[in-house]
Amino acid sequence: MKQEATDQLYKSDVEALNSFVEKYNAFRKEIGKVIIGQDEVIRNVVISIFSRGHGLLVGVPGLAKTLLVNTISQALGLSYNRIQFTPDLMPSDIIGTEILNENRKFSFHTGPIFANVILADEINRTPPKTQSALLEAMQEKAVTVAGKKYTLDEPFFVLATQNPIEQEGTYPLPEAQLDRFMFNIWLDYPSAEEEMEVVKSTTVSQNQEIQEILSGEDILFYQKLISRIPVPDNVFEFAVRLVGKSRPHTDKAHPWANEYLHWGAGPRASQYLIIGAKTHAAINGKYSPDIEDITAVARPIMQHRIVRNYKAEAEGVSLHDIIDELIKSEQ
């Protein structure tokens, strides 16, 4: 009933998109009570949510990744669980297990995966078998236990973190599993001014109460609304050409792809470029995406889908350098 009420609230999609911009700005203001800086990171997380995608967050410890996800979940009115991935974590610790009750019948006890927002902390510190339990839920929005399928509540969003420093005792995610994440979001250290503000705001006794800006029903409504945003043919063509240029030794390959890449991005990158561009356009008050919206989301969508070769590493050519060159060649 709540979803139907939301659908009937606006006379047109244009009016609904205008309301989405207002809600997004209110959301950013609310998050700013707790999270200082990290504007691009927050923007990309929000784009992932409204694009029905997932995010992989890479950054050194102590950059408030957990606080960021928890604060976002509160402002969006969503349930939140954090799963700390360790070498001894089992799939049942994530999805749940069947337990024999007092009536000698098995009953299913749900695991922490049954929430709207999941923080998978240090996902590469657990073996592939356990990683796959989470990744199956990401792909299917459901889990299977003892032959029975359990559907997860929507919206459902996974934000996984990896530590780029400590590589000992890790199980790197295979490229096929990385591809299931819409965004690869890199966190950097705050500026001196931002860090000063962080220290001042966190070393005194104060509790900031986060207000709910959007409900789960609102999010589902806006997800459907964004999926209906029209896309011009030239934007589709730009996205497909950009991804095609990343594939070395193909007809459309860019010279840098042939020189610096083992392999390029697959079709899912093209799909996510369009979906991400739609959401990026929507939060900026546009009713249709243009090429600028594609380029705005290209880095976090493509950087975990292309693999550099030894020559690129030896010459210090970064993934960002390669993606920027592919974009430049299209402009």
# chains A, B, ... in the order shown; residues from 1 in each chain; ligands from 1
call {"tool": "select_by_dssp", "arguments": {"residues": "region 66-313 of chain A", "states": "alpha helix (DSSP H)", "output": "JSON, numbers by chain"}}
result
{"A": [66, 67, 68, 69, 70, 71, 72, 73, 74, 75, 91, 92, 93, 94, 95, 128, 129, 130, 131, 132, 133, 134, 135, 136, 137, 138, 139, 140, 175, 176, 177, 178, 192, 193, 194, 195, 196, 197, 198, 199, 200, 201, 202, 216, 217, 218, 219, 220, 221, 222, 223, 224, 225, 226, 227, 233, 234, 235, 236, 237, 238, 239, 240, 241, 242, 243, 244, 255, 256, 257, 258, 259, 260, 267, 268, 269, 270, 271, 272, 273, 274, 275, 276, 277, 278, 279, 280, 281, 282, 283, 291, 292, 293, 294, 295, 296, 297, 298, 299, 300, 301, 302, 310, 311, 312, 313]}
call {"tool": "write_last_selection", "arguments": {"atoms": "C-alpha atoms", "output": "short mmCIF file (atom, residue, chain, number, x, y, z; two decimals), in the first residue's frame"}}
result
data_model
loop_
_atom_site.label_atom_id
_atom_site.label_comp_id
_atom_site.auth_asym_id
_atom_site.auth_seq_id
_atom_site.Cartn_x
_atom_site.Cartn_y
_atom_site.Cartn_z
CA THR A 66 31.81 1.61 8.81
CA LEU A 67 30.49 4.93 10.11
CA LEU A 68 29.74 6.05 6.55
CA VAL A 69 27.65 2.97 5.72
CA ASN A 70 25.84 3.02 9.07
CA THR A 71 24.99 6.73 8.70
CA ILE A 72 23.73 6.24 5.13
CA SER A 73 21.53 3.34 6.21
CA GLN A 74 19.98 5.47 8.98
CA ALA A 75 19.29 8.42 6.67
CA PRO A 91 28.84 -19.58 4.58
CA SER A 92 26.28 -20.41 7.30
CA ASP A 93 27.65 -17.51 9.37
CA ILE A 94 26.43 -15.20 6.57
CA ILE A 95 23.21 -16.71 5.24
CA PRO A 128 36.41 -18.23 -1.87
CA LYS A 129 33.73 -20.66 -0.62
CA THR A 130 32.50 -18.08 1.90
CA GLN A 131 32.94 -15.19 -0.53
CA SER A 132 30.66 -17.00 -2.97
CA ALA A 133 27.84 -17.19 -0.40
CA LEU A 134 27.72 -13.39 -0.30
CA LEU A 135 28.19 -12.97 -4.02
CA GLU A 136 25.32 -15.36 -4.77
CA ALA A 137 23.03 -13.23 -2.63
CA MET A 138 24.23 -10.11 -4.47
CA GLN A 139 23.41 -11.61 -7.85
CA GLU A 140 20.18 -13.47 -7.08
CA GLU A 175 37.79 -10.90 -11.82
CA ALA A 176 34.41 -12.59 -12.44
CA GLN A 177 33.39 -11.83 -8.85
CA LEU A 178 34.75 -8.29 -8.97
CA ALA A 192 44.27 18.93 6.39
CA GLU A 193 41.18 21.14 6.82
CA GLU A 194 38.82 18.15 6.76
CA GLU A 195 40.96 16.21 9.22
CA MET A 196 41.03 19.20 11.56
CA GLU A 197 37.23 19.30 11.47
CA VAL A 198 37.03 15.52 12.04
CA VAL A 199 39.28 15.73 15.10
CA LYS A 200 37.36 18.67 16.55
CA SER A 201 33.96 17.03 16.04
CA THR A 202 34.92 13.60 17.38
CA GLY A 216 12.64 1.71 1.76
CA GLU A 217 9.42 2.23 -0.24
CA ASP A 218 10.70 5.61 -1.45
CA ILE A 219 13.96 4.02 -2.61
CA LEU A 220 12.14 1.32 -4.58
CA PHE A 221 9.95 3.99 -6.19
CA TYR A 222 12.94 6.11 -7.24
CA GLN A 223 14.80 3.03 -8.51
CA LYS A 224 11.89 2.32 -10.86
CA LEU A 225 11.68 5.98 -11.81
CA ILE A 226 15.37 6.13 -12.76
CA SER A 227 15.02 2.97 -14.86
CA ASP A 233 21.32 7.07 -28.88
CA ASN A 234 24.57 9.05 -28.89
CA VAL A 235 24.97 8.34 -25.13
CA PHE A 236 24.42 4.60 -25.69
CA GLU A 237 26.98 4.70 -28.51
CA PHE A 238 29.53 6.60 -26.40
CA ALA A 239 29.29 4.07 -23.56
CA VAL A 240 29.68 1.06 -25.86
CA ARG A 241 32.59 2.65 -27.77
CA LEU A 242 34.37 3.60 -24.54
CA VAL A 243 34.18 0.06 -23.18
CA GLY A 244 35.13 -1.43 -26.57
CA PRO A 255 46.54 1.92 -28.73
CA TRP A 256 46.92 2.26 -24.96
CA ALA A 257 44.78 -0.85 -24.45
CA ASN A 258 47.06 -2.84 -26.76
CA GLU A 259 50.14 -1.51 -25.00
CA TYR A 260 49.14 -1.49 -21.33
CA PRO A 267 29.39 -5.81 -21.52
CA ARG A 268 28.35 -5.34 -17.90
CA ALA A 269 30.54 -2.22 -17.83
CA SER A 270 28.50 -0.73 -20.69
CA GLN A 271 25.27 -1.54 -18.86
CA TYR A 272 26.48 0.03 -15.62
CA LEU A 273 27.75 3.13 -17.44
CA ILE A 274 24.24 3.78 -18.73
CA ILE A 275 22.50 2.99 -15.44
CA GLY A 276 25.01 5.04 -13.45
CA ALA A 277 24.74 7.95 -15.91
CA LYS A 278 20.95 7.96 -15.47
CA THR A 279 21.25 8.24 -11.69
CA HIS A 280 24.04 10.81 -11.92
CA ALA A 281 21.86 12.91 -14.20
CA ALA A 282 18.88 12.56 -11.86
CA ILE A 283 20.72 13.76 -8.73
CA ILE A 291 28.08 12.18 -22.23
CA GLU A 292 29.23 14.23 -19.23
CA ASP A 293 27.27 11.86 -16.98
CA ILE A 294 28.99 8.84 -18.55
CA THR A 295 32.46 10.31 -17.93
CA ALA A 296 31.50 11.20 -14.34
CA VAL A 297 30.96 7.52 -13.44
CA ALA A 298 33.49 5.91 -15.82
CA ARG A 299 36.41 5.59 -13.39
CA PRO A 300 34.71 3.71 -10.53
CA ILE A 301 32.81 1.49 -12.97
CA MET A 302 35.74 0.54 -15.21
CA TYR A 310 53.63 -5.60 -16.59
CA LYS A 311 54.62 -2.75 -18.90
CA ALA A 312 51.97 -0.45 -17.43
CA GLU A 313 53.11 -1.24 -13.90
#
call {"tool": "select_by_dssp", "arguments": {"residues": "region 54-268 of chain A", "states": "strand (DSSP E or B)", "output": "VMD selection string"}}
result
chain A and resid 55 to 58 80 to 84 96 to 100 106 to 110 117 to 121 142 to 145 148 to 151 157 to 162 183 to 186 261 to 263
call {"tool": "residues_around", "arguments": {"residues": "Val46 (chain A)", "least_positions_apart": "4", "cutoff": "10 Å", "atoms": "only C-alpha atoms", "output": "list of chain:residue names"}}
result
A:Tyr24, A:Phe27, A:Arg28, A:Glu40, A:Val41, A:Ile42, A:Phe50, A:Ser51, A:Arg52, A:Gly53, A:Gly55, A:Ile72, A:Leu76, A:Thr279, A:His280, A:Ile283
call {"tool": "write_last_selection", "arguments": {"atoms": "C-alpha atoms", "output": "short mmCIF file (atom, residue, chain, number, x, y, z; two decimals), in the first residue's frame"}}
result
data_model
loop_
_atom_site.label_atom_id
_atom_site.label_comp_id
_atom_site.auth_asym_id
_atom_site.auth_seq_id
_atom_site.Cartn_x
_atom_site.Cartn_y
_atom_site.Cartn_z
CA TYR A 24 19.05 13.86 -2.39
CA PHE A 27 20.08 13.46 2.40
CA ARG A 28 23.54 14.97 1.73
CA GLU A 40 32.55 11.77 -4.20
CA VAL A 41 32.45 8.57 -2.15
CA ILE A 42 28.98 9.37 -0.79
CA PHE A 50 19.50 3.88 -6.73
CA SER A 51 20.99 1.95 -9.65
CA ARG A 52 20.36 -1.36 -7.83
CA GLY A 53 24.08 -2.07 -7.75
CA GLY A 55 29.96 -1.15 -4.19
CA ILE A 72 23.73 6.24 5.13
CA LEU A 76 17.72 6.05 4.14
CA THR A 279 21.25 8.24 -11.69
CA HIS A 280 24.04 10.81 -11.92
CA ILE A 283 20.72 13.76 -8.73
#
call {"tool": "residues_around", "arguments": {"residues": "region 115-127 of chain A", "least_positions_apart": "2", "cutoff": "8 Å", "atoms": "only C-alpha atoms", "output": "PyMOL selection string"}}
result
chain A and resi 66+69+73+78-89+112-113+129-131+152-163+169-173
call {"tool": "residues_around", "arguments": {"residues": "region 11-19 of chain A", "least_positions_apart": "2", "cutoff": "7 Å", "atoms": "only C-alpha atoms", "output": "ChimeraX atom specification"}}
result
/A:9,21-23,282,285
call {"tool": "write_last_selection", "arguments": {"atoms": "N, CA and C atoms", "output": "tab-separated table (two decimals), in the first residue's frame"}}
result
chain	number	residue	atom	x	y	z
A	9	LEU	N	1.69	9.84	-5.77
A	9	LEU	CA	1.98	11.13	-5.17
A	9	LEU	C	2.32	12.19	-6.21
A	21	VAL	N	15.65	15.16	-6.55
A	21	VAL	CA	16.76	16.10	-6.33
A	21	VAL	C	16.66	16.71	-4.94
A	22	GLU	N	15.45	17.12	-4.54
A	22	GLU	CA	15.25	17.71	-3.22
A	22	GLU	C	15.59	16.71	-2.12
A	23	LYS	N	15.15	15.47	-2.31
A	23	LYS	CA	15.44	14.43	-1.31
A	23	LYS	C	16.94	14.15	-1.23
A	282	ALA	N	20.04	12.30	-12.71
A	282	ALA	CA	18.88	12.56	-11.86
A	282	ALA	C	19.24	13.37	-10.62
A	285	GLY	N	19.58	17.03	-11.33
A	285	GLY	CA	18.43	17.76	-11.83
A	285	GLY	C	18.22	17.69	-13.33
call {"tool": "atom_distance", "arguments": {"atom1": "CA of Arg180 (chain A)", "atom2": "CA of Val317 (chain A)"}}
result
25.3 Å
call {"tool": "closest_residue", "arguments": {"among": "A:Ile185, A:Ile99, A:Ile323, A:Ala253", "to": "Val145 (chain A)", "atoms": "only C-alpha atoms"}}
result
A:Ile99
call {"tool": "atom_distance", "arguments": {"atom1": "CA of Thr151 (chain A)", "atom2": "CA of Ile49 (chain A)"}}
result
18.4 Å
call {"tool": "closest_residue", "arguments": {"among": "A:Lys245, A:Asn184, A:Arg308, A:Lys33", "to": "Ile327 (chain A)", "atoms": "only C-alpha atoms"}}
result
A:Lys245
call {"tool": "decode", "arguments": {"residues": "region 173-207 of chain A", "atoms": "N, CA and C atoms", "output": "CSV table (one decimal), in the first residue's frame"}}
result
chain,number,residue,atom,x,y,z
A,173,LEU,N,39.7,-11.4,-4.7
A,173,LEU,CA,38.5,-11.7,-5.4
A,173,LEU,C,38.8,-11.9,-6.9
A,174,PRO,N,38.4,-13.0,-7.5
A,174,PRO,CA,38.6,-13.2,-8.9
A,174,PRO,C,37.9,-12.2,-9.7
A,175,GLU,N,38.3,-12.0,-11.0
A,175,GLU,CA,37.8,-10.9,-11.8
A,175,GLU,C,36.3,-11.1,-12.1
A,176,ALA,N,35.8,-12.3,-12.2
A,176,ALA,CA,34.4,-12.6,-12.4
A,176,ALA,C,33.6,-12.1,-11.2
A,177,GLN,N,34.1,-12.3,-10.0
A,177,GLN,CA,33.4,-11.8,-8.8
A,177,GLN,C,33.5,-10.3,-8.7
A,178,LEU,N,34.6,-9.8,-9.0
A,178,LEU,CA,34.8,-8.3,-9.0
A,178,LEU,C,33.7,-7.6,-9.9
A,179,ASP,N,33.4,-8.3,-11.0
A,179,ASP,CA,32.5,-7.7,-12.0
A,179,ASP,C,31.1,-7.6,-11.5
A,180,ARG,N,30.8,-8.3,-10.4
A,180,ARG,CA,29.4,-8.1,-9.8
A,180,ARG,C,29.2,-6.8,-9.1
A,181,PHE,N,30.3,-6.2,-8.7
A,181,PHE,CA,30.2,-4.9,-8.1
A,181,PHE,C,30.1,-3.8,-9.1
A,182,MET,N,29.1,-3.0,-9.0
A,182,MET,CA,28.9,-1.9,-9.9
A,182,MET,C,30.1,-0.9,-9.8
A,183,PHE,N,30.4,-0.5,-8.6
A,183,PHE,CA,31.5,0.5,-8.4
A,183,PHE,C,32.6,0.0,-7.6
A,184,ASN,N,33.8,0.4,-8.0
A,184,ASN,CA,35.0,0.2,-7.2
A,184,ASN,C,35.4,1.6,-6.7
A,185,ILE,N,35.1,1.9,-5.4
A,185,ILE,CA,35.2,3.2,-4.9
A,185,ILE,C,36.5,3.3,-4.0
A,186,TRP,N,37.4,4.2,-4.4
A,186,TRP,CA,38.7,4.4,-3.7
A,186,TRP,C,38.5,5.5,-2.7
A,187,LEU,N,38.9,5.3,-1.5
A,187,LEU,CA,38.9,6.3,-0.4
A,187,LEU,C,40.4,6.8,-0.3
A,188,ASP,N,40.5,8.1,-0.1
A,188,ASP,CA,41.8,8.7,0.1
A,188,ASP,C,41.8,9.4,1.5
A,189,TYR,N,43.0,9.8,1.9
A,189,TYR,CA,43.1,10.5,3.2
A,189,TYR,C,42.3,11.9,3.1
A,190,PRO,N,41.8,12.4,4.2
A,190,PRO,CA,41.1,13.7,4.1
A,190,PRO,C,42.2,14.8,4.0
A,191,SER,N,41.7,16.0,3.5
A,191,SER,CA,42.6,17.1,3.5
A,191,SER,C,42.9,17.6,4.9
A,192,ALA,N,43.9,18.4,5.1
A,192,ALA,CA,44.3,18.9,6.4
A,192,ALA,C,43.1,19.6,7.1
A,193,GLU,N,42.3,20.4,6.3
A,193,GLU,CA,41.2,21.1,6.8
A,193,GLU,C,40.1,20.2,7.2
A,194,GLU,N,39.8,19.1,6.4
A,194,GLU,CA,38.8,18.2,6.8
A,194,GLU,C,39.2,17.3,8.0
A,195,GLU,N,40.5,17.0,8.1
A,195,GLU,CA,41.0,16.2,9.2
A,195,GLU,C,40.9,17.0,10.5
A,196,MET,N,41.2,18.3,10.4
A,196,MET,CA,41.0,19.2,11.6
A,196,MET,C,39.6,19.2,12.0
A,197,GLU,N,38.6,19.3,11.1
A,197,GLU,CA,37.2,19.3,11.5
A,197,GLU,C,36.8,18.0,12.1
A,198,VAL,N,37.3,16.9,11.5
A,198,VAL,CA,37.0,15.5,12.0
A,198,VAL,C,37.5,15.4,13.5
A,199,VAL,N,38.7,15.8,13.8
A,199,VAL,CA,39.3,15.7,15.1
A,199,VAL,C,38.5,16.6,16.1
A,200,LYS,N,38.1,17.8,15.7
A,200,LYS,CA,37.4,18.7,16.6
A,200,LYS,C,36.0,18.1,16.9
A,201,SER,N,35.3,17.5,15.9
A,201,SER,CA,34.0,17.0,16.0
A,201,SER,C,33.9,15.7,16.8
A,202,THR,N,35.0,14.9,16.8
A,202,THR,CA,34.9,13.6,17.4
A,202,THR,C,35.6,13.5,18.7
A,203,THR,N,36.2,14.6,19.2
A,203,THR,CA,36.9,14.5,20.5
A,203,THR,C,36.2,15.3,21.6
A,204,VAL,N,34.9,15.7,21.3
A,204,VAL,CA,34.1,16.3,22.3
A,204,VAL,C,32.8,15.4,22.4
A,205,SER,N,32.2,15.5,23.6
A,205,SER,CA,31.0,14.7,23.8
A,205,SER,C,29.8,15.3,23.1
A,206,GLN,N,29.4,14.7,22.0
A,206,GLN,CA,28.2,15.2,21.3
A,206,GLN,C,27.6,14.0,20.4
A,207,ASN,N,26.4,13.9,20.4
A,207,ASN,CA,25.7,12.8,19.6
A,207,ASN,C,24.8,13.5,18.6
